[in-house]
Amino acid sequence: MKLSNYTEGRDNNFNLIRIVAAFAVLITHSFALAIGTGTAEPFRDSLGMTMGSIAVDVFFVTSGFLVTGSLLARDSMIEFLWARALRVFPALLVMVLLTVFALGPILTSWPLASYLADSQTYVYLVKCATVVSGVVYNLPGLFEDNPFKQAVNGSLWSLPYEIRMYAILAVAWAAWRVTKRAGLRIFAATVVTAAVSAGLFVIARHFLRPSDDQFATLFFMFFSGAAFYVLRERVTLSRSYFWFCVIALVSSMVNTHAFFLVYMLTVGYTVLYLAYMPSGFVRVYNQVGDYSYGVYIYAFPVQQSVVALTPGISVALLCFISAFVTLLFAALSWHLIEQRALGLKGFSVGWARRVRTSSKPA
């Protein structure tokens, strides 16, 4: 069956995949936050990457696929921008406010007046609530004695990259939409070319000149997801292809370079197969809600707080306690903030269109 046969509607496993990925990030961070270094993470040496880094890649593949579908379905820049903004920023703002004005005053080693008067408190607030121009990681007096010192929310590093991908995709769509007849084909060709070029660059860089720069890798992951969407009429979801990818990945684990190459070539297809093909009981999770974003943005400060309150905590116990507390915050975030914010899309788009219309000369 073609991928296009499955892309209509929301009966899929994307929510389940993303919540698993979010908890994989939590597990990876637990090693660094409990011990002070991430070198003990079990897959770092054997695979050359961690569960957390793989999970971030999965987030970007799924995001590229779903966001591209959303953009093409809406066929409206205003709707696209509001949909992205309402998905990212309301929950993020609430989390940052809770961090700065609840968590900070409780756990800072500074006098409360000094904490609230320090400019770094408000730099953190503004940068982390907007994330467009990057994030900062330290609040005055917070987590100074933790094994992984001072960092309040290390997970936020990927959000500026995510927003850049949205912007690049939107610009590509807007640039080619003016050519009415051939615009969609040109857009699709641009997306596929971007994904292939980025993939070749990342692979070549890995073998010739390794770098810790994440932009190219995340660009490839996002646009490989986007490429799968624009090519959905030509992509076949096959159990045989899927198991070939799995066997190739497992077989390549004997060497980190081999694994990296196979991983780059198979990650997109593997994620999308798992998103659509397994059915039955696994689809029950869709009835719960999409807690993955809440887990992602709350996990790190929750983990750092648990470490600060229980010095010497083990990695396993940190995983268990922080997963429970984080899931509680994530559920509240989804039901009280995120779901309600998404319900404002119609009103927000209508308001933006009225403003645009009223601003045009008569």
# chains A, B, ... in the order shown; residues from 1 in each chain; ligands from 1
call {"tool": "residues_around", "arguments": {"residues": "range 240-249 of chain A", "least_positions_apart": "4", "cutoff": "12 Å", "atoms": "only C-alpha atoms", "output": "list in words"}}
result
Leu47, Val235, Thr236, Met253, Val254, Asn255, Thr256, His257, Ala258, Phe259, Phe260, Leu261, Val262, Tyr263, Met264, Leu265, Thr266, Val267, Gly268, Tyr269, Thr270, Val271, Leu272, Tyr273, Leu274, Ala275, Tyr276, Met277 and Pro278 of chain A
call {"tool": "closest_atom_pairs", "arguments": {"of": "range 83-139 of chain A", "to": "range 144-158 of chain A", "cutoff": "12 Å", "atoms": "only C-alpha atoms", "output": "Markdown table"}}
result
| residue | atom | partner | partner_atom | distance |
| --- | --- | --- | --- | --- |
| A:Val88 | CA | A:Leu156 | CA | 11.5 |
| A:Leu92 | CA | A:Leu156 | CA | 9.6 |
| A:Met95 | CA | A:Asn153 | CA | 10.4 |
| A:Val96 | CA | A:Asn153 | CA | 9.4 |
| A:Thr99 | CA | A:Val152 | CA | 8.5 |
| A:Val100 | CA | A:Val152 | CA | 9.9 |
| A:Leu103 | CA | A:Val152 | CA | 9.9 |
| A:Gly104 | CA | A:Val152 | CA | 9.4 |
| A:Leu107 | CA | A:Glu144 | CA | 10.1 |
| A:Thr108 | CA | A:Glu144 | CA | 8.6 |
| A:Ser109 | CA | A:Glu144 | CA | 8.0 |
| A:Trp110 | CA | A:Glu144 | CA | 10.5 |
| A:Thr121 | CA | A:Val152 | CA | 11.7 |
| A:Tyr124 | CA | A:Val152 | CA | 9.8 |
| A:Leu125 | CA | A:Val152 | CA | 11.7 |
| A:Lys127 | CA | A:Leu156 | CA | 10.5 |
| A:Cys128 | CA | A:Leu156 | CA | 7.6 |
| A:Ala129 | CA | A:Leu156 | CA | 10.0 |
| A:Thr130 | CA | A:Leu156 | CA | 10.7 |
| A:Val131 | CA | A:Leu156 | CA | 8.0 |
| A:Val132 | CA | A:Trp157 | CA | 10.7 |
| A:Ser133 | CA | A:Trp157 | CA | 10.9 |
| A:Gly134 | CA | A:Trp157 | CA | 7.4 |
| A:Val135 | CA | A:Trp157 | CA | 6.6 |
| A:Val136 | CA | A:Asn153 | CA | 8.6 |
| A:Tyr137 | CA | A:Ala151 | CA | 5.0 |
| A:Asn138 | CA | A:Ala151 | CA | 5.3 |
| A:Leu139 | CA | A:Val152 | CA | 7.0 |
call {"tool": "write_last_selection", "arguments": {"atoms": "C-alpha atoms", "output": "PDB file, in the first residue's frame"}}
result
ATOM      1  CA  VAL A  88       4.660  25.747  20.576  1.00  0.00           C
ATOM      2  CA  LEU A  92       6.233  26.911  26.622  1.00  0.00           C
ATOM      3  CA  MET A  95       6.413  26.249  31.716  1.00  0.00           C
ATOM      4  CA  VAL A  96       8.945  29.107  31.703  1.00  0.00           C
ATOM      5  CA  THR A  99      10.250  27.739  36.271  1.00  0.00           C
ATOM      6  CA  VAL A 100      11.209  31.369  36.871  1.00  0.00           C
ATOM      7  CA  LEU A 103      10.749  26.690  40.929  1.00  0.00           C
ATOM      8  CA  GLY A 104      13.430  29.397  41.022  1.00  0.00           C
ATOM      9  CA  LEU A 107      15.256  26.215  45.089  1.00  0.00           C
ATOM     10  CA  THR A 108      17.617  29.134  44.493  1.00  0.00           C
ATOM     11  CA  SER A 109      20.491  29.484  46.924  1.00  0.00           C
ATOM     12  CA  TRP A 110      20.270  33.275  46.594  1.00  0.00           C
ATOM     13  CA  THR A 121      16.306  36.008  35.770  1.00  0.00           C
ATOM     14  CA  TYR A 124      16.174  33.655  31.004  1.00  0.00           C
ATOM     15  CA  LEU A 125      12.454  34.446  31.007  1.00  0.00           C
ATOM     16  CA  LYS A 127      14.924  34.059  25.828  1.00  0.00           C
ATOM     17  CA  CYS A 128      13.361  30.772  26.889  1.00  0.00           C
ATOM     18  CA  ALA A 129       9.775  31.945  26.369  1.00  0.00           C
ATOM     19  CA  THR A 130      10.502  33.070  22.809  1.00  0.00           C
ATOM     20  CA  VAL A 131      13.380  30.704  21.810  1.00  0.00           C
ATOM     21  CA  VAL A 132      13.572  32.264  18.338  1.00  0.00           C
ATOM     22  CA  SER A 133      16.978  33.799  19.023  1.00  0.00           C
ATOM     23  CA  GLY A 134      18.258  30.884  21.095  1.00  0.00           C
ATOM     24  CA  VAL A 135      17.945  29.982  24.753  1.00  0.00           C
ATOM     25  CA  VAL A 136      19.896  30.437  27.966  1.00  0.00           C
ATOM     26  CA  TYR A 137      20.272  27.732  30.572  1.00  0.00           C
ATOM     27  CA  ASN A 138      21.089  29.322  33.944  1.00  0.00           C
ATOM     28  CA  LEU A 139      19.004  31.032  36.609  1.00  0.00           C
TER      29      LEU A 139
END
call {"tool": "residues_around", "arguments": {"residues": "Val315 in chain A", "least_positions_apart": "2", "cutoff": "8 Å", "atoms": "only C-alpha atoms", "output": "number ranges by chain"}}
result
A: 30-31, 34-35, 313, 317-319
call {"tool": "closest_residue", "arguments": {"among": "A:Val94, A:Leu336, A:Ile321, A:Val284", "to": "Gln304 in chain A", "atoms": "only C-alpha atoms"}}
result
A:Ile321
call {"tool": "atom_distance", "arguments": {"atom1": "CA of Val191 in chain A", "atom2": "CA of Ile163 in chain A"}}
result
16.7 Å
call {"tool": "closest_atom_pairs", "arguments": {"of": "range 22-136 of chain A", "to": "range 14-18 of chain A", "cutoff": "12 Å", "atoms": "only C-alpha atoms", "output": "tab-separated table"}}
result
residue	atom	partner	partner_atom	distance
A:Ala22	CA	A:Arg18	CA	6.0
A:Phe23	CA	A:Arg18	CA	8.7
A:Ala24	CA	A:Arg18	CA	9.6
A:Val25	CA	A:Arg18	CA	10.6
A:Ile54	CA	A:Arg18	CA	11.7
A:Ala55	CA	A:Arg18	CA	8.2
A:Val56	CA	A:Arg18	CA	9.5
A:Asp57	CA	A:Arg18	CA	10.8
A:Val58	CA	A:Arg18	CA	7.7
A:Phe59	CA	A:Arg18	CA	6.5
A:Phe60	CA	A:Arg18	CA	10.2
A:Val61	CA	A:Arg18	CA	10.6
A:Thr62	CA	A:Phe14	CA	7.4
A:Ser63	CA	A:Phe14	CA	9.8
A:Phe65	CA	A:Phe14	CA	10.6
A:Leu66	CA	A:Phe14	CA	9.3
call {"tool": "residues_around", "arguments": {"residues": "Ile106 in chain A", "least_positions_apart": "3", "cutoff": "12 Å", "atoms": "only C-alpha atoms", "output": "ChimeraX atom specification"}}
result
/A:98-103,109-112,115-116,140-143,305,308-309
call {"tool": "write_last_selection", "arguments": {"atoms": "N, CA and C atoms", "output": "compact mmCIF listing (two decimals), in the first residue's frame"}}
result
# COMPACT_ATOMS: atom_id res chain seq x y z
N LEU A 98 6.44 29.16 35.28
CA LEU A 98 6.51 28.31 36.47
C LEU A 98 7.95 28.09 36.92
N THR A 99 8.84 27.95 35.95
CA THR A 99 10.25 27.74 36.27
C THR A 99 10.84 28.96 36.95
N VAL A 100 10.58 30.13 36.38
CA VAL A 100 11.21 31.37 36.87
C VAL A 100 10.60 31.83 38.18
N PHE A 101 9.26 31.76 38.30
CA PHE A 101 8.61 32.39 39.45
C PHE A 101 8.07 31.40 40.49
N ALA A 102 8.21 30.11 40.25
CA ALA A 102 7.83 29.11 41.26
C ALA A 102 9.04 28.26 41.63
N LEU A 103 9.60 27.56 40.66
CA LEU A 103 10.75 26.69 40.93
C LEU A 103 11.96 27.50 41.39
N SER A 109 19.67 29.28 45.72
CA SER A 109 20.49 29.48 46.92
C SER A 109 20.66 30.97 47.24
N TRP A 110 20.18 31.84 46.38
CA TRP A 110 20.27 33.27 46.59
C TRP A 110 19.09 33.75 47.45
N PRO A 111 19.24 34.88 48.14
CA PRO A 111 18.08 35.51 48.78
C PRO A 111 17.03 35.83 47.71
N LEU A 112 15.77 35.70 48.08
CA LEU A 112 14.70 35.87 47.09
C LEU A 112 14.75 37.24 46.43
N TYR A 115 17.48 37.25 43.85
CA TYR A 115 17.08 36.43 42.69
C TYR A 115 16.12 37.20 41.78
N LEU A 116 15.13 37.85 42.38
CA LEU A 116 14.13 38.56 41.58
C LEU A 116 14.67 39.86 41.00
N PRO A 140 19.81 32.47 38.44
CA PRO A 140 20.67 32.78 39.59
C PRO A 140 20.48 31.81 40.76
N GLY A 141 21.58 31.17 41.16
CA GLY A 141 21.58 30.33 42.35
C GLY A 141 20.89 28.98 42.21
N LEU A 142 20.49 28.61 41.00
CA LEU A 142 19.72 27.38 40.83
C LEU A 142 20.63 26.22 40.42
N PHE A 143 20.54 25.12 41.13
CA PHE A 143 21.23 23.86 40.83
C PHE A 143 22.75 24.00 40.82
N SER A 305 15.46 19.22 39.69
CA SER A 305 14.88 19.46 41.01
C SER A 305 14.95 18.20 41.87
N ALA A 308 18.46 17.82 43.05
CA ALA A 308 18.78 18.80 44.09
C ALA A 308 18.18 18.41 45.44
N LEU A 309 17.00 17.81 45.42
CA LEU A 309 16.31 17.46 46.66
C LEU A 309 16.72 16.11 47.21
call {"tool": "atom_distance", "arguments": {"atom1": "CA of Ala194 in chain A", "atom2": "CA of Ser4 in chain A"}}
result
21.2 Å
call {"tool": "select_by_dssp", "arguments": {"residues": "range 52-221 of chain A", "states": "alpha helix (DSSP H)", "output": "ChimeraX atom specification"}}
result
/A:52-74,77-98,104-107,112-117,119-130,158-177,183-208,215-221
call {"tool": "residues_around", "arguments": {"residues": "Val325 in chain A", "least_positions_apart": "4", "cutoff": "9 Å", "atoms": "only C-alpha atoms", "output": "JSON, numbers by chain"}}
result
{"A": [299, 302, 320, 321, 329, 330]}
call {"tool": "residues_around", "arguments": {"residues": "Ser279 in chain A", "least_positions_apart": "3", "cutoff": "9 Å", "atoms": "only C-alpha atoms", "output": "list in words"}}
result
Asp11, Asn12, Asn13, Tyr276, Val282 and Arg283 of chain A
call {"tool": "closest_residue", "arguments": {"among": "A:Pro311, A:Ala204, A:Met165, A:Gly52", "to": "Val20 in chain A", "atoms": "only C-alpha atoms"}}
result
A:Gly52
call {"tool": "closest_residue", "arguments": {"among": "A:Thr37, A:Asn286, A:Thr193, A:Ser292", "to": "Ala227 in chain A", "atoms": "only C-alpha atoms"}}
result
A:Thr193
